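Asker: This is upload-v1.csv (CSV, C-alpha atoms).
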```csv
chain,number,residue,atom,x,y,z
A,2,MET,CA,106.4,86.4,88.9
A,3,GLY,CA,103.1,88.4,89.2
A,4,LEU,CA,102.2,91.8,87.9
A,5,LEU,CA,102.8,93.4,91.2
A,6,ASP,CA,106.2,91.8,91.5
A,7,ASN,CA,107.0,93.1,88.0
A,8,PHE,CA,105.9,96.6,89.1
A,9,GLU,CA,108.1,96.5,92.2
A,10,LYS,CA,111.1,95.3,90.2
A,11,GLY,CA,110.4,98.1,87.7
A,12,LEU,CA,110.5,100.7,90.4
A,13,GLU,CA,113.7,99.3,91.7
A,14,ARG,CA,115.3,99.5,88.2
A,15,ALA,CA,113.9,103.1,87.9
A,16,VAL,CA,115.5,104.2,91.2
A,17,ASN,CA,118.8,102.5,90.3
A,18,GLY,CA,118.8,103.9,86.8
A,19,ALA,CA,117.8,107.5,87.8
A,20,PHE,CA,120.9,107.8,90.0
A,21,ALA,CA,123.4,105.6,88.1
A,22,LYS,CA,125.6,108.4,87.0
A,23,THR,CA,126.1,109.5,90.6
A,24,PHE,CA,126.8,106.0,91.9
A,25,LYS,CA,129.4,104.5,89.8
A,26,SER,CA,131.0,102.8,92.8
A,27,GLY,CA,130.3,102.1,96.4
A,28,LEU,CA,126.7,101.5,97.6
A,29,GLN,CA,124.0,101.5,95.0
A,30,PRO,CA,120.5,102.9,95.6
A,31,VAL,CA,119.0,99.5,94.6
A,32,GLU,CA,120.8,97.9,97.5
A,33,ILE,CA,118.9,100.3,99.9
A,34,THR,CA,115.6,99.3,98.3
A,35,SER,CA,116.4,95.6,98.6
A,36,ALA,CA,117.4,96.1,102.3
A,37,LEU,CA,114.1,98.0,103.0
A,38,ARG,CA,112.1,95.2,101.4
A,39,ARG,CA,113.9,92.6,103.5
A,40,GLU,CA,113.2,94.7,106.6
A,41,LEU,CA,109.5,94.8,105.9
A,42,ASP,CA,109.4,91.0,105.2
A,43,THR,CA,111.4,90.2,108.3
A,44,LYS,CA,109.4,92.4,110.7
A,45,ALA,CA,106.0,91.5,109.3
A,46,ALA,CA,103.6,90.5,112.1
A,47,VAL,CA,100.2,88.8,111.6
A,48,VAL,CA,97.8,90.6,113.9
A,49,SER,CA,94.6,89.2,112.4
A,50,ARG,CA,93.4,87.1,109.4
A,51,ASP,CA,93.2,90.2,107.3
A,52,ARG,CA,96.0,92.4,108.7
A,53,ILE,CA,99.8,92.0,108.6
A,54,LEU,CA,101.5,94.9,110.3
A,55,VAL,CA,104.9,96.1,109.3
A,56,PRO,CA,107.2,99.0,110.4
A,57,ASN,CA,106.7,102.4,109.0
A,58,ARG,CA,109.8,104.3,110.4
A,59,PHE,CA,113.2,103.4,109.0
A,60,THR,CA,116.8,104.5,109.9
A,61,VAL,CA,119.3,103.6,107.2
A,62,ARG,CA,122.9,103.9,108.4
A,63,LEU,CA,125.6,104.4,105.8
A,64,SER,CA,129.4,104.9,105.7
A,65,PRO,CA,130.5,108.5,105.6
A,66,THR,CA,131.4,108.3,101.9
A,67,ASP,CA,128.1,106.7,100.9
A,68,TYR,CA,126.1,109.0,103.2
A,69,GLU,CA,127.7,112.1,101.5
A,70,ARG,CA,126.8,110.8,98.0
A,71,MET,CA,123.3,109.7,98.9
A,72,THR,CA,122.3,112.9,100.8
A,73,GLY,CA,123.7,114.9,97.9
A,74,LEU,CA,120.6,113.9,95.9
A,75,GLY,CA,118.3,115.7,98.2
A,76,ASP,CA,114.7,114.8,98.9
A,77,SER,CA,114.2,113.0,95.5
A,78,LEU,CA,115.9,109.8,96.7
A,79,ILE,CA,113.9,109.7,99.9
A,80,ASP,CA,110.7,110.1,97.9
A,81,GLU,CA,111.7,107.3,95.6
A,82,LEU,CA,112.5,105.0,98.5
A,83,THR,CA,109.2,105.8,100.2
A,84,GLN,CA,107.4,104.9,96.9
A,85,LEU,CA,109.1,101.6,96.8
A,86,VAL,CA,108.3,100.7,100.4
A,87,GLN,CA,104.7,101.7,99.8
A,88,ALA,CA,104.5,99.6,96.6
A,89,HIS,CA,106.1,96.5,98.3
A,90,ALA,CA,103.7,96.8,101.2
A,91,ALA,CA,100.7,97.0,98.8
A,92,ALA,CA,102.0,94.0,96.8
A,93,GLN,CA,102.3,91.9,99.9
A,94,ARG,CA,99.1,93.2,101.5
A,95,TYR,CA,101.0,94.7,104.5
A,96,SER,CA,99.5,97.4,106.7
A,97,PHE,CA,101.2,100.4,108.3
A,98,ALA,CA,100.1,102.0,111.6
A,99,GLY,CA,101.0,105.5,110.3
A,100,GLY,CA,102.8,107.3,107.5
A,101,ILE,CA,106.2,106.1,106.2
A,102,ALA,CA,109.4,107.9,107.3
A,103,ILE,CA,112.9,107.1,106.1
A,104,GLU,CA,116.0,108.7,107.5
A,105,LEU,CA,119.6,108.4,106.2
A,106,THR,CA,122.3,108.7,108.9
A,107,GLU,CA,126.1,108.5,108.9
A,108,GLN,CA,128.0,105.9,110.9
A,109,ASP,CA,131.8,106.0,111.0
A,110,SER,CA,132.2,102.3,111.8
A,111,LEU,CA,130.6,101.2,108.5
A,112,SER,CA,132.8,100.6,105.5
A,113,GLU,CA,131.9,101.9,102.0
A,114,GLY,CA,129.3,99.8,100.3
A,115,THR,CA,127.7,98.5,103.5
A,116,LEU,CA,124.6,99.6,105.4
A,117,GLU,CA,122.5,98.8,108.4
A,118,ILE,CA,118.7,99.3,108.8
A,119,SER,CA,116.7,99.6,112.0
A,120,SER,CA,112.9,100.1,112.0
A,121,VAL,CA,110.0,100.7,114.3
A,122,ASN,CA,106.2,100.5,114.0
A,123,VAL,CA,104.8,103.9,115.1
A,124,LYS,CA,101.1,104.9,115.2
A,125,GLY,CA,100.7,108.3,113.7
A,126,THR,CA,99.1,110.6,111.2
A,127,VAL,CA,99.6,109.9,107.5
A,128,ALA,CA,100.3,112.9,105.3
A,129,TRP,CA,99.2,112.1,101.7
A,130,THR,CA,101.9,113.9,99.6
A,131,PRO,CA,101.0,114.2,95.9
A,132,VAL,CA,103.9,114.6,93.5
A,133,LEU,CA,104.3,114.8,89.7
A,134,ASP,CA,107.2,113.1,87.9
A,135,VAL,CA,107.7,115.1,84.7
A,136,ASN,CA,110.3,113.6,82.3
A,137,GLY,CA,112.1,112.1,85.3
A,138,LYS,CA,112.0,115.3,87.4
A,139,ARG,CA,109.9,115.4,90.6
A,140,TYR,CA,107.6,118.3,91.5
A,141,PRO,CA,105.6,118.2,94.8
A,142,ILE,CA,102.0,119.5,94.4
A,143,THR,CA,101.7,122.4,96.9
A,144,ARG,CA,98.6,124.1,95.6
A,145,SER,CA,95.0,123.2,94.7
A,146,ARG,CA,95.7,123.9,90.9
A,147,THR,CA,98.9,123.1,89.0
A,148,VAL,CA,99.1,124.1,85.3
A,149,ILE,CA,101.6,122.2,83.1
A,150,GLY,CA,102.7,123.6,79.7
A,151,ARG,CA,105.5,125.0,77.7
A,152,GLY,CA,104.7,128.7,78.5
A,153,THR,CA,106.6,130.5,81.2
A,154,ASP,CA,103.3,131.4,82.9
A,155,ALA,CA,102.6,127.7,83.6
A,156,ASP,CA,103.3,126.4,87.1
A,157,ILE,CA,105.5,123.6,85.6
A,158,THR,CA,107.2,124.7,82.4
A,159,VAL,CA,108.2,121.9,80.0
A,160,ASP,CA,110.6,122.3,77.1
A,161,ASP,CA,108.4,120.5,74.5
A,162,SER,CA,107.4,122.3,71.4
A,163,SER,CA,104.6,119.7,70.8
A,164,ILE,CA,102.5,120.9,73.8
A,165,SER,CA,100.5,124.0,74.4
A,166,ARG,CA,101.5,127.0,76.5
A,167,LYS,CA,99.0,125.8,79.1
A,168,HIS,CA,98.3,122.2,78.2
A,169,VAL,CA,96.7,120.5,81.3
A,170,GLU,CA,95.9,121.3,84.9
A,171,ILE,CA,96.1,119.0,87.9
A,172,LEU,CA,93.5,119.7,90.7
A,173,TRP,CA,94.1,118.5,94.2
A,174,ASP,CA,91.7,118.9,97.1
A,175,GLY,CA,93.8,117.2,99.8
A,176,THR,CA,92.6,113.7,99.2
A,177,ARG,CA,91.7,113.4,95.5
A,178,ALA,CA,93.1,114.6,92.2
A,179,GLN,CA,91.7,115.4,88.8
A,180,VAL,CA,93.3,116.1,85.4
A,181,ASN,CA,91.7,118.6,82.9
A,182,ASP,CA,92.8,119.3,79.4
A,183,LEU,CA,93.0,123.1,78.9
A,184,GLY,CA,91.9,123.2,75.3
A,185,SER,CA,95.3,122.1,74.1
A,186,THR,CA,96.1,121.6,70.4
A,187,ASN,CA,97.3,118.0,70.5
A,188,GLY,CA,95.2,116.8,73.5
A,189,ALA,CA,96.2,114.5,76.4
A,190,LEU,CA,96.2,110.8,77.2
A,191,LEU,CA,95.4,109.3,80.6
A,192,ASN,CA,96.8,105.8,80.9
A,193,GLY,CA,96.8,105.6,77.1
A,194,VAL,CA,93.2,106.9,76.6
A,195,ALA,CA,92.3,110.4,75.3
A,196,VAL,CA,91.0,112.5,78.1
A,197,ALA,CA,89.4,116.0,78.5
A,198,LYS,CA,88.5,115.7,82.2
A,199,ALA,CA,88.8,112.8,84.6
A,200,PRO,CA,89.7,111.7,88.1
A,201,LEU,CA,93.4,111.0,88.6
A,202,PRO,CA,94.2,107.9,90.6
A,203,ALA,CA,97.6,107.4,92.1
A,204,ASP,CA,100.3,106.0,89.7
A,205,SER,CA,98.4,107.3,86.7
A,206,VAL,CA,100.4,108.3,83.5
A,207,ILE,CA,99.5,111.4,81.5
A,208,ASP,CA,101.0,111.8,78.1
A,209,ILE,CA,101.1,115.3,76.5
A,210,GLY,CA,103.1,115.6,73.3
A,211,ARG,CA,106.5,114.0,73.9
A,212,THR,CA,106.2,114.5,77.6
A,213,ARG,CA,105.2,111.8,80.1
A,214,ILE,CA,103.8,112.8,83.5
A,215,VAL,CA,103.3,110.3,86.4
A,216,PHE,CA,101.1,111.2,89.3
A,217,ARG,CA,102.0,109.6,92.6
A,218,VAL,CA,100.7,109.9,96.2
A,219,LEU,CA,103.2,109.2,98.9
A,220,ALA,CA,102.0,108.0,102.3
A,221,GLN,CA,104.5,109.9,104.4
A,222,SER,CA,104.6,110.5,108.1
A,223,ALA,CA,103.2,113.7,109.4
A,224,ASP,CA,105.0,113.2,112.8
A,225,VAL,CA,108.7,113.1,111.7
A,226,ASP,CA,109.7,115.3,114.6
A,227,GLN,CA,109.2,112.2,116.9
A,228,PHE,CA,111.3,110.0,114.7
A,229,ALA,CA,114.6,110.2,116.6
A,230,ASP,CA,113.1,109.0,119.9
A,231,LEU,CA,111.3,106.0,118.4
A,232,ARG,CA,114.0,103.7,117.0
A,233,VAL,CA,114.2,100.0,117.5
A,234,GLU,CA,117.2,98.1,116.4
A,235,GLY,CA,116.6,95.6,113.5
A,236,THR,CA,118.7,93.5,111.2
A,237,GLU,CA,120.4,94.4,108.0
```
Step by step, read the file and then write its structure as structure tokens.
Answerer:
Amino acid sequence: MGLLDNFEKGLERAVNGAFAKTFKSGLQPVEITSALRRELDTKAAVVSRDRILVPNRFTVRLSPTDYERMTGLGDSLIDELTQLVQAHAAAQRYSFAGGIAIELTEQDSLSEGTLEISSVNVKGTVAWTPVLDVNGKRYPITRSRTVIGRGTDADITVDDSSISRKHVEILWDGTRAQVNDLGSTNGALLNGVAVAKAPLPADSVIDIGRTRIVFRVLAQSADVDQFADLRVEGTE
């Protein structure tokens, strides 16, 4: 098993572990991730020597019970599933025609613990959505400057006495990110190396005190309003 395969498996375990307390029975989140991976692999189409095209719009149909529990988690589950689809595509060198969109729907004919997936390949605009995972909690980046620290005047306040009131800032210009230490007492690490100011690639890890921050960029669809009219039935 290669490094990328290990990375994908790690993401699957993270998704399953993050929601384990909610899903003690019935369908598990990891079963959705596995089904999405199979859907990508099944629908992969070689269009040239260097390009394998896969679907980018997915409908996941669930039983009423499973649907209620899954949607109760809000946008965080969809974000995690999007990240997993994105990672699997990168590992397999798949290409998308547009941004990724995943929709959960309820289907009365399905029994608890079962699911069906349909997918379609839709050309569209990609919205690069940056997010910060701070100690397991996800924060979308909605401004050009985001300050993280233990002070109440920070944009993201972290309960960690080992970090400064304003410890680091994340700058985002719409396509690229940067991390800057704000003169903190204990400093910051970027992917294990001390940092004062540096570009911030996707999937980078920032450590401040006892707090771990993961920067991710999700390739989401900017055309989700067209989703309902563009479904093609697939296999589970």
Asker: Using all atoms listed in the file, which of the listed residues (A:Ser77, A:Asn192, A:Ser35, A:Asn57) sits closest to Asp134 of chain A?
Answerer: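 So, comparing all the options, the nearest one is A:Ser77.
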Asker: Would you mind telling me which residue in A:Gly125, A:Gly193, A:Gly100, A:Gly188 lies nearest to Ser165 of chain A when using all atoms listed in the file?
Answerer: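 Of the candidates, the smallest distance to Ser165 of chain A is held by A:Gly188.
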Asker: From the list A:Thr130, A:Leu172, A:Lys124, A:Ser110, which residue is nearest Arg146 of chain A when using all atoms listed in the file?
Answerer: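 Among A:Thr130, A:Leu172, A:Lys124, A:Ser110, it is A:Leu172 that comes nearest to Arg146 of chain A.
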Asker: Please, what distance in Å, to one decimal, runs between atom CA of Asn122 of chain A and atom CA of Val218 of chain A?
Answerer: 20.9 Å
Asker: Provide the atom CA of Pro202 of chain A to atom CA of Ala36 of chain A distance in Å, to one decimal place.
Answerer: 28.5 Å
Asker: Rounded to one decimal in Å, what is the spacing between atom CA of Asp204 of chain A and atom CA of Ile33 of chain A?
Answerer: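 Result for atom CA of Asp204 of chain A versus atom CA of Ile33 of chain A: 22.0 Å, one decimal.
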Asker: List the neighbours of Gln179 of chain A out to 8 Å using only C-alpha atoms; skip same-chain residues closer than 3 positions along the sequence, and give me the result as an mmCIF file with C-alpha atoms, in the coordinates of the input.
Answerer:
```cif
data_model
loop_
_atom_site.group_PDB
_atom_site.id
_atom_site.type_symbol
_atom_site.label_atom_id
_atom_site.label_comp_id
_atom_site.auth_asym_id
_atom_site.auth_seq_id
_atom_site.Cartn_x
_atom_site.Cartn_y
_atom_site.Cartn_z
ATOM 1 C CA ILE A 171 96.100 119.000 87.900
ATOM 2 C CA LEU A 172 93.500 119.700 90.700
ATOM 3 C CA TRP A 173 94.100 118.500 94.200
ATOM 4 C CA LYS A 198 88.500 115.700 82.200
ATOM 5 C CA ALA A 199 88.800 112.800 84.600
ATOM 6 C CA PRO A 200 89.700 111.700 88.100
ATOM 7 C CA LEU A 201 93.400 111.000 88.600
#
```
Asker: Which residues come within 9 Å of segment 38-45 of chain A, counting all atoms listed in the file, excluding same-chain residues fewer than 2 positions away, as a list in words?
Answerer: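 Listed by chain and then number, they are Ile33, Thr34, Ser35, Ala36, Val47, Ile53, Leu54, Val55, Pro56, Asn57, Leu85, Val86, His89, Ala90, Gln93, Tyr95, Ile118, Ser119, Ser120, Gly235, Thr236 and Glu237 of chain A.
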Asker: Write out, as a short mmCIF file (atom, residue, chain, number, x, y, z; two decimals), in the coordinates of the input, the residues just selected, with C-alpha atoms.
Answerer:
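File produced: selection25.cif:
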```cif
data_model
loop_
_atom_site.label_atom_id
_atom_site.label_comp_id
_atom_site.auth_asym_id
_atom_site.auth_seq_id
_atom_site.Cartn_x
_atom_site.Cartn_y
_atom_site.Cartn_z
CA ILE A 33 118.90 100.30 99.90
CA THR A 34 115.60 99.30 98.30
CA SER A 35 116.40 95.60 98.60
CA ALA A 36 117.40 96.10 102.30
CA VAL A 47 100.20 88.80 111.60
CA ILE A 53 99.80 92.00 108.60
CA LEU A 54 101.50 94.90 110.30
CA VAL A 55 104.90 96.10 109.30
CA PRO A 56 107.20 99.00 110.40
CA ASN A 57 106.70 102.40 109.00
CA LEU A 85 109.10 101.60 96.80
CA VAL A 86 108.30 100.70 100.40
CA HIS A 89 106.10 96.50 98.30
CA ALA A 90 103.70 96.80 101.20
CA GLN A 93 102.30 91.90 99.90
CA TYR A 95 101.00 94.70 104.50
CA ILE A 118 118.70 99.30 108.80
CA SER A 119 116.70 99.60 112.00
CA SER A 120 112.90 100.10 112.00
CA GLY A 235 116.60 95.60 113.50
CA THR A 236 118.70 93.50 111.20
CA GLU A 237 120.40 94.40 108.00
#
```
Asker: Could you check which of A:Ala197, A:Ala102, A:Val121, A:Ala155 is closest to Leu183 of chain A, using all atoms listed in the file?
Answerer: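 Looking only at the distances to Leu183 of chain A, the closest residue turns out to be A:Ala197.
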Asker: List as a count of residues only the protein and nucleic acid residues near segment 162-164 of chain A, meaning an atom at most 8 Å away when only C-alpha atoms are counted, but skip any in the same chain fewer than 6 places from it.
Answerer: 8
Asker: So that I can check the surroundings of Ala220 of chain A, please list as JSON, numbers by chain every protein, DNA and RNA residue that reaches within 9 Å of it, counting all atoms listed in the file and ignoring chain neighbours fewer than 6 positions away.
Answerer: {"A": [83, 84, 87, 99, 100, 101, 102, 127, 128, 129, 130, 131]}
Asker: I need the residue nearest Phe59 of chain A from this list: A:Glu117, A:Asp208, A:Glu81, A:Asp76. Use only C-alpha atoms for the distance.
Answerer: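 Among A:Glu117, A:Asp208, A:Glu81, A:Asp76, it is A:Glu117 that comes nearest to Phe59 of chain A.
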Asker: Could you list, as a PyMOL selection string, every residue within 12 Å of Leu111 of chain A, counting all atoms listed in the file and ignoring same-chain residues fewer than 5 positions away?
Answerer: chain A and resi 28+61-68+106+116-117
Asker: Calculated over all atoms listed in the file, which of the candidates A:Gly73, A:Tyr140, A:Phe216, A:Thr176 has the smallest distance to Leu191 of chain A?
Answerer: A:Phe216
